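work.cif, holding mmCIF, C-alpha atoms:
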```
data_coords
#
loop_
_atom_site.label_atom_id
_atom_site.label_comp_id
_atom_site.auth_asym_id
_atom_site.auth_seq_id
_atom_site.Cartn_x
_atom_site.Cartn_y
_atom_site.Cartn_z
CA MET A 18 5.74 17.24 7.05
CA ASP A 19 7.03 20.34 5.27
CA ASP A 20 10.70 19.35 5.35
CA PRO A 21 12.00 19.47 1.73
CA LYS A 22 13.68 16.12 2.41
CA THR A 23 10.19 14.59 2.58
CA SER A 24 8.78 16.14 -0.58
CA ASN A 25 8.77 12.72 -2.23
CA LEU A 26 7.15 10.98 0.75
CA PHE A 27 3.41 10.46 0.33
CA LEU A 28 1.77 9.29 3.56
CA GLY A 29 -1.79 8.06 3.72
CA THR A 30 -4.09 5.38 5.03
CA SER A 31 -5.64 2.22 3.63
CA SER A 32 -9.20 3.39 2.90
CA TRP A 33 -10.99 6.53 4.05
CA SER A 34 -14.44 5.08 4.75
CA SER A 35 -14.31 4.14 8.44
CA GLU A 36 -17.27 5.59 10.32
CA ASP A 37 -15.28 5.00 13.52
CA TRP A 38 -13.27 8.09 12.52
CA LEU A 39 -16.26 10.38 13.01
CA GLY A 40 -15.54 12.76 15.85
CA VAL A 41 -11.87 11.79 16.11
CA PHE A 42 -10.75 12.53 12.54
CA TYR A 43 -13.81 13.57 10.56
CA PRO A 44 -15.90 16.36 12.11
CA PRO A 45 -19.04 15.06 13.85
CA GLY A 46 -21.93 14.77 11.45
CA THR A 47 -19.81 14.48 8.30
CA PRO A 48 -21.83 12.36 5.84
CA PRO A 49 -19.98 9.37 4.33
CA ALA A 50 -20.27 10.93 0.87
CA GLN A 51 -18.03 13.76 2.12
CA PHE A 52 -15.41 11.55 3.76
CA ILE A 53 -12.99 11.54 0.81
CA ALA A 54 -13.09 15.33 0.43
CA GLU A 55 -12.44 15.77 4.16
CA TYR A 56 -9.70 13.12 4.10
CA ALA A 57 -7.95 14.95 1.26
CA ARG A 58 -7.72 18.09 3.43
CA HIS A 59 -5.25 16.19 5.64
CA PHE A 60 -3.40 13.71 3.43
CA GLY A 61 -2.26 13.74 -0.18
CA THR A 62 -2.77 10.08 -1.00
CA VAL A 63 -4.87 7.05 -0.11
CA ASP A 64 -4.60 3.30 -0.66
CA VAL A 65 -8.03 2.21 -1.92
CA ASP A 66 -8.97 -1.10 -0.29
CA SER A 67 -12.45 -1.49 -1.79
CA THR A 68 -11.15 -2.26 -5.29
CA PHE A 69 -9.88 -5.58 -3.93
CA TYR A 70 -13.45 -6.80 -3.48
CA ARG A 71 -14.66 -5.63 -6.88
CA ALA A 72 -13.60 -3.21 -9.57
CA PRO A 73 -15.31 0.18 -9.12
CA SER A 74 -17.68 1.68 -11.63
CA ALA A 75 -16.54 4.46 -13.93
CA ALA A 76 -18.94 6.83 -12.17
CA MET A 77 -17.44 5.98 -8.78
CA VAL A 78 -13.92 6.64 -10.03
CA ARG A 79 -14.95 9.99 -11.49
CA ASN A 80 -16.52 10.88 -8.14
CA TRP A 81 -13.24 10.15 -6.34
CA ARG A 82 -11.38 12.29 -8.87
CA ASP A 83 -13.79 15.21 -8.67
CA ARG A 84 -13.95 15.33 -4.84
CA THR A 85 -10.19 15.59 -4.34
CA PRO A 86 -7.81 18.47 -5.04
CA PRO A 87 -5.16 18.66 -7.77
CA GLY A 88 -2.11 16.57 -6.94
CA PHE A 89 -4.00 14.02 -4.84
CA VAL A 90 -2.94 10.42 -5.57
CA PHE A 91 -5.05 7.27 -5.43
CA ALA A 92 -3.29 3.95 -5.06
CA ALA A 93 -5.54 0.90 -5.42
CA LYS A 94 -5.53 -2.88 -5.14
CA PHE A 95 -6.11 -5.20 -8.04
CA PRO A 96 -9.43 -7.05 -7.69
CA GLN A 97 -9.24 -10.38 -5.86
CA THR A 98 -10.61 -12.13 -8.93
CA ILE A 99 -7.18 -11.63 -10.47
CA THR A 100 -4.94 -12.16 -7.45
CA HIS A 101 -6.78 -14.71 -5.31
CA GLU A 102 -9.40 -16.52 -7.36
CA LYS A 103 -7.45 -16.87 -10.61
CA ALA A 104 -4.02 -16.48 -8.98
CA LEU A 105 -2.74 -14.52 -12.01
CA VAL A 106 -3.84 -17.14 -14.59
CA ASP A 107 -6.12 -16.35 -17.55
CA SER A 108 -6.86 -12.90 -16.15
CA ASP A 109 -5.95 -10.67 -19.11
CA ALA A 110 -9.53 -9.49 -19.60
CA GLU A 111 -9.99 -8.66 -15.92
CA VAL A 112 -6.70 -6.74 -15.83
CA LYS A 113 -7.68 -4.76 -18.92
CA ASP A 114 -11.13 -3.92 -17.52
CA PHE A 115 -9.67 -2.81 -14.19
CA LEU A 116 -7.06 -0.57 -15.79
CA ASN A 117 -9.62 0.95 -18.13
CA VAL A 118 -11.87 2.02 -15.27
CA MET A 119 -8.98 3.27 -13.12
CA ASP A 120 -7.83 5.42 -16.05
CA GLY A 121 -10.76 7.66 -15.11
CA LEU A 122 -8.60 9.09 -12.33
CA GLY A 123 -6.32 10.69 -14.90
CA GLU A 124 -3.26 12.29 -13.31
CA LYS A 125 -4.49 11.25 -9.86
CA LEU A 126 -3.89 7.58 -10.61
CA GLY A 127 -0.99 6.28 -8.55
CA PRO A 128 0.44 2.80 -7.98
CA LEU A 129 -1.75 -0.26 -8.48
CA LEU A 130 -1.09 -3.06 -6.02
CA ILE A 131 -1.04 -6.72 -6.96
CA GLN A 132 -1.66 -8.09 -3.45
CA LEU A 133 -1.22 -11.84 -3.31
CA PRO A 134 -2.29 -14.12 -0.48
CA TYR A 135 -0.12 -16.53 1.44
CA PHE A 136 0.24 -19.61 -0.75
CA ASN A 137 0.76 -23.00 0.90
CA ARG A 138 2.85 -25.83 -0.53
CA LYS A 139 -0.18 -27.35 -2.18
CA ALA A 140 -0.48 -24.22 -4.33
CA PHE A 141 3.25 -23.87 -5.05
CA ALA A 142 5.64 -26.56 -3.84
CA ARG A 143 8.72 -24.41 -4.49
CA PRO A 144 9.45 -20.71 -4.99
CA GLU A 145 10.43 -21.53 -8.57
CA ASP A 146 6.90 -22.78 -9.23
CA PHE A 147 5.50 -19.44 -8.13
CA PHE A 148 8.06 -17.51 -10.18
CA ALA A 149 7.05 -19.50 -13.25
CA ARG A 150 3.49 -18.29 -12.65
CA LEU A 151 4.49 -14.71 -11.87
CA ARG A 152 6.94 -14.05 -14.70
CA PRO A 153 4.51 -14.17 -17.65
CA PHE A 154 1.95 -12.13 -15.72
CA VAL A 155 4.49 -9.38 -14.99
CA GLU A 156 5.87 -9.43 -18.53
CA LYS A 157 2.37 -8.75 -19.92
CA LEU A 158 1.70 -5.74 -17.67
CA PRO A 159 1.19 -2.69 -19.90
CA SER A 160 3.48 0.32 -19.81
CA GLY A 161 2.25 3.70 -18.63
CA TYR A 162 1.25 2.54 -15.13
CA HIS A 163 2.96 2.08 -11.78
CA PHE A 164 2.55 -1.43 -10.39
CA ALA A 165 3.59 -2.90 -7.05
CA LEU A 166 3.61 -6.54 -5.95
CA GLU A 167 2.92 -7.73 -2.43
CA ILE A 168 3.64 -11.28 -1.36
CA ARG A 169 3.09 -12.98 2.00
CA ASN A 170 5.57 -15.89 1.61
CA LYS A 171 8.81 -14.78 3.22
CA GLY A 172 10.77 -17.63 1.65
CA TRP A 173 10.13 -16.12 -1.77
CA LEU A 174 11.91 -12.86 -0.98
CA ASN A 175 15.08 -13.40 -2.95
CA GLU A 176 17.02 -12.07 -5.89
CA LYS A 177 15.12 -14.25 -8.36
CA LEU A 178 11.89 -12.47 -7.42
CA LEU A 179 13.50 -9.05 -7.75
CA GLU A 180 14.92 -9.99 -11.17
CA ILE A 181 11.37 -10.60 -12.40
CA LEU A 182 10.14 -7.22 -11.15
CA ARG A 183 12.97 -4.88 -12.20
CA PRO A 184 12.68 -5.09 -16.01
CA LYS A 185 9.02 -4.02 -15.81
CA ASN A 186 9.61 -1.34 -13.14
CA VAL A 187 7.31 -3.15 -10.70
CA ALA A 188 7.94 -2.18 -7.07
CA LEU A 189 8.20 -4.83 -4.40
CA ALA A 190 5.69 -3.75 -1.76
CA LEU A 191 7.45 -3.46 1.61
CA ILE A 192 5.14 -4.53 4.40
CA ASP A 193 5.07 -4.60 8.18
CA HIS A 194 3.34 -7.90 8.90
CA PRO A 195 3.89 -10.55 11.59
CA TRP A 196 4.66 -13.23 9.00
CA MET A 197 7.32 -11.22 7.20
CA PRO A 198 10.92 -10.17 8.01
CA ARG A 199 11.70 -6.82 9.61
CA ILE A 200 12.48 -4.16 7.05
CA ASP A 201 16.02 -3.52 8.32
CA GLU A 202 16.86 -7.23 8.22
CA LEU A 203 15.48 -7.55 4.71
CA ALA A 204 17.28 -4.44 3.46
CA ARG A 205 20.62 -5.78 4.73
CA ARG A 206 20.11 -8.92 2.64
CA LEU A 207 18.68 -7.52 -0.61
CA ASP A 208 18.51 -4.33 -2.64
CA LEU A 209 14.75 -3.94 -2.40
CA VAL A 210 14.46 -1.18 -5.01
CA THR A 211 12.96 -2.64 -8.19
CA ALA A 212 11.23 0.46 -9.59
CA GLY A 213 11.44 4.22 -9.72
CA PHE A 214 9.20 4.43 -6.67
CA ALA A 215 8.70 2.55 -3.41
CA TYR A 216 5.47 1.24 -1.91
CA ILE A 217 5.07 0.61 1.83
CA ARG A 218 2.14 -0.85 3.77
CA TRP A 219 1.92 -1.09 7.55
CA LEU A 220 -0.55 -3.95 8.02
CA GLY A 221 -0.10 -5.32 11.52
CA ASP A 222 -1.66 -8.41 13.07
CA ARG A 223 -5.30 -8.35 11.96
CA LYS A 224 -6.36 -11.36 14.01
CA GLY A 225 -4.55 -10.19 17.11
CA ILE A 226 -5.88 -6.64 17.12
CA GLU A 227 -9.44 -7.71 16.30
CA ALA A 228 -9.32 -9.83 19.47
CA ALA A 229 -8.72 -6.58 21.38
CA THR A 230 -11.04 -4.17 19.56
CA LYS A 231 -13.61 -3.85 16.81
CA HIS A 232 -13.53 -0.04 16.79
CA TRP A 233 -10.88 1.92 14.90
CA ASP A 234 -10.86 5.25 16.70
CA ARG A 235 -7.73 5.20 18.88
CA LEU A 236 -4.24 3.74 19.04
CA ILE A 237 -4.11 0.64 21.19
CA VAL A 238 -0.71 -0.76 20.12
CA ASP A 239 2.50 1.20 20.72
CA ARG A 240 4.37 1.17 17.41
CA GLU A 241 7.07 3.71 18.27
CA ARG A 242 9.85 1.12 18.17
CA GLU A 243 8.72 -0.07 14.74
CA MET A 244 8.70 3.52 13.47
CA GLU A 245 12.26 3.94 14.71
CA THR A 246 13.20 0.96 12.54
CA TRP A 247 11.27 2.01 9.45
CA ILE A 248 12.23 5.69 9.27
CA PRO A 249 15.98 5.19 8.59
CA GLU A 250 15.10 2.77 5.79
CA ILE A 251 12.61 5.23 4.29
CA ARG A 252 15.23 7.96 4.42
CA LYS A 253 17.58 5.74 2.43
CA LEU A 254 14.89 5.34 -0.23
CA LEU A 255 14.35 9.09 -0.38
CA GLU A 256 18.10 9.65 -0.68
CA ARG A 257 17.94 7.52 -3.83
CA ARG A 258 15.45 10.06 -5.22
CA LEU A 259 12.56 7.63 -5.14
CA ARG A 260 8.97 8.70 -4.64
CA VAL A 261 7.77 6.77 -1.59
CA TYR A 262 4.08 5.91 -1.16
CA ALA A 263 3.38 4.67 2.36
CA TYR A 264 0.07 3.64 3.93
CA PHE A 265 -1.14 2.72 7.40
CA ASN A 266 -3.96 0.24 8.01
CA ASN A 267 -6.31 0.61 10.97
CA HIS A 268 -5.25 -2.89 12.01
CA TYR A 269 -1.64 -1.81 12.46
CA ALA A 270 -2.20 -0.02 15.76
CA GLY A 271 -5.94 0.70 15.98
CA PHE A 272 -6.33 4.06 14.22
CA ALA A 273 -4.59 4.76 10.93
CA PRO A 274 -4.58 8.60 11.14
CA GLY A 275 -3.10 8.28 14.63
CA SER A 276 -0.35 6.06 13.24
CA ILE A 277 0.55 8.79 10.74
CA ALA A 278 0.73 11.31 13.58
CA LEU A 279 3.05 9.00 15.54
CA PHE A 280 5.22 8.47 12.46
CA GLN A 281 5.57 12.22 12.02
CA GLU A 282 6.45 12.70 15.70
CA VAL A 283 9.14 10.01 15.59
CA TRP A 284 10.51 11.40 12.31
CA LYS A 285 10.95 14.85 13.89
CA ARG A 286 12.47 13.41 17.04
CA LEU A 287 15.03 11.41 15.08
CA ASP A 288 15.85 14.55 13.10
CA THR A 289 16.87 16.33 16.30
CA ALA A 290 18.55 13.39 18.02
#
```
Taking this structure as input, can you express it in the form of structure tokens?
Amino acid sequence: MDDPKTSNLFLGTSSWSSEDWLGVFYPPGTPPAQFIAEYARHFGTVDVDSTFYRAPSAAMVRNWRDRTPPGFVFAAKFPQTITHEKALVDSDAEVKDFLNVMDGLGEKLGPLLIQLPYFNRKAFARPEDFFARLRPFVEKLPSGYHFALEIRNKGWLNEKLLEILRPKNVALALIDHPWMPRIDELARRLDLVTAGFAYIRWLGDRKGIEAATKHWDRLIVDREREMETWIPEIRKLLERRLRVYAYFNNHYAGFAPGSIALFQEVWKRLDTA
């Protein structure tokens, strides 16, 4: 997308490591160690999923940095120890360790995602109980980084949540997920901009699509209508001079690079409509 209007739009996928992409995205025979270098020939950013399961080693981070060109941006998830196991409590040491190792990316370090699970009423009876947990965690986040927060409880999407995020320049992650409101409906209700950048993740219905396929090499869900809804909202973000980081998961439609291609086709079509 060479349109100057999209110069602040960074499109990528969630992870680059799928061997199902061999022959349909990566050239046949590409060794896994070369996947990230090949990926970076096509896209300028990636959302690293593996950091959710455990923080990477310093050597691994340096390898990512050295195999990608100048200007490439790595976004990454906070480890689940912080977000799921400790649910943001008593996790200062883990946050510090994670940030220290991610600093190895230097100028290629992009947003870091605090991805929270769906919390039932046993965990937090009311939104206010969650906000009381979230506020001190956000207030302690160090400056000099870009953070985004993803929640899966739609009833918590309100102005009180946004008021916690804005003072620390933490972006509310905007997600396409079957549990959550449509982006246009949400944007009519709230000003979703809480930082100097925006963070978007197209997640889809993991359980539903895994019932249809276990191979991520082709689009099996038609997401054109969803793209027609998302693109006007993304254009509004770009008009506000925000840098927009946006990532497709394989589970969204079956093949994340194919979802980017569809997005680009719909963008161009809407431009000429």
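Applied to this file, the PyMOL selection byres ((chain A and resi 30-36) around 9) selects the residues Leu28, Gly29, Asp37, Trp38, Leu39, Tyr43, Pro49, Phe52, Ile53, Tyr56, Phe60, Thr62, Val63, Asp64, Val65, Asp66, Ser67, Arg218, Trp233, Ala263, Tyr264, Phe265, Asn266, Asn267, Ala273, Pro274 and Ile277 of chain A.
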Residues in the PyMOL selection byres ((chain A and resi 278) around 12), expressed as a list of chain:residue names: A:Met18, A:Leu28, A:Gly29, A:Thr30, A:Phe42, A:His59, A:Phe60, A:Arg235, A:Leu236, A:Arg240, A:Glu241, A:Met244, A:Phe265, A:Ala270, A:Phe272, A:Ala273, A:Pro274, A:Gly275, A:Ser276, A:Ile277, A:Leu279, A:Phe280, A:Gln281, A:Glu282, A:Val283, A:Trp284, A:Lys285
Proximity to Leu220 (chain A) - best of A:Phe154, A:Tyr262, A:Tyr70, A:Trp196, all atoms listed in the file: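 Closest candidate: A:Trp196.
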Expected selection from the PyMOL selection byres ((chain A and resi 138-146) around 10), given as a list in words: Ala104, Tyr135, Phe136, Asn137, Phe147, Phe148, Ala149, Arg150, Leu151, Asn170, Gly172, Trp173, Leu174, Asn175, Lys177 and Leu178 of chain A
The selected residues should be written to file as a PDB file, in the frame of the given file (atoms: C-alpha atoms).
```
ATOM      1  CA  ALA A 104      -4.020 -16.480  -8.980  1.00  0.00           C
ATOM      2  CA  TYR A 135      -0.120 -16.530   1.440  1.00  0.00           C
ATOM      3  CA  PHE A 136       0.240 -19.610  -0.750  1.00  0.00           C
ATOM      4  CA  ASN A 137       0.760 -23.000   0.900  1.00  0.00           C
ATOM      5  CA  PHE A 147       5.500 -19.440  -8.130  1.00  0.00           C
ATOM      6  CA  PHE A 148       8.060 -17.510 -10.180  1.00  0.00           C
ATOM      7  CA  ALA A 149       7.050 -19.500 -13.250  1.00  0.00           C
ATOM      8  CA  ARG A 150       3.490 -18.290 -12.650  1.00  0.00           C
ATOM      9  CA  LEU A 151       4.490 -14.710 -11.870  1.00  0.00           C
ATOM     10  CA  ASN A 170       5.570 -15.890   1.610  1.00  0.00           C
ATOM     11  CA  GLY A 172      10.770 -17.630   1.650  1.00  0.00           C
ATOM     12  CA  TRP A 173      10.130 -16.120  -1.770  1.00  0.00           C
ATOM     13  CA  LEU A 174      11.910 -12.860  -0.980  1.00  0.00           C
ATOM     14  CA  ASN A 175      15.080 -13.400  -2.950  1.00  0.00           C
ATOM     15  CA  LYS A 177      15.120 -14.250  -8.360  1.00  0.00           C
ATOM     16  CA  LEU A 178      11.890 -12.470  -7.420  1.00  0.00           C
TER      17      LEU A 178
END
```
Best match for closeness to Ala215 (chain A) among A:Phe27, A:Lys113, A:Thr246, A:Ala50, counting only C-alpha atoms: A:Phe27
Polymer residues at most 7 Å from region 181-194 of chain A, only C-alpha atoms, same-chain spacing of 2 or more positions, as an MDAnalysis selection string: chainID A and resid 152 156 163:167 177:179 196:197 209:222
Distance in Å - CA of Pro44 (chain A) versus CA of Met77 (chain A):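 If I compute the distance from CA of Pro44 (chain A) to CA of Met77 (chain A), I get 23.4 Å.
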Shell of 12 Å around Glu256 (chain A), all atoms listed in the file, local chain residues under 2 positions omitted, as a count of residues only: 17
Test item: residues at most 7 Å from Thr68 (chain A), only C-alpha atoms, excluding those fewer than 3 positions along its chain, as a list in words: Val65, Arg71, Ala72, Pro73, Ala93, Lys94, Phe95 and Pro96 of chain A
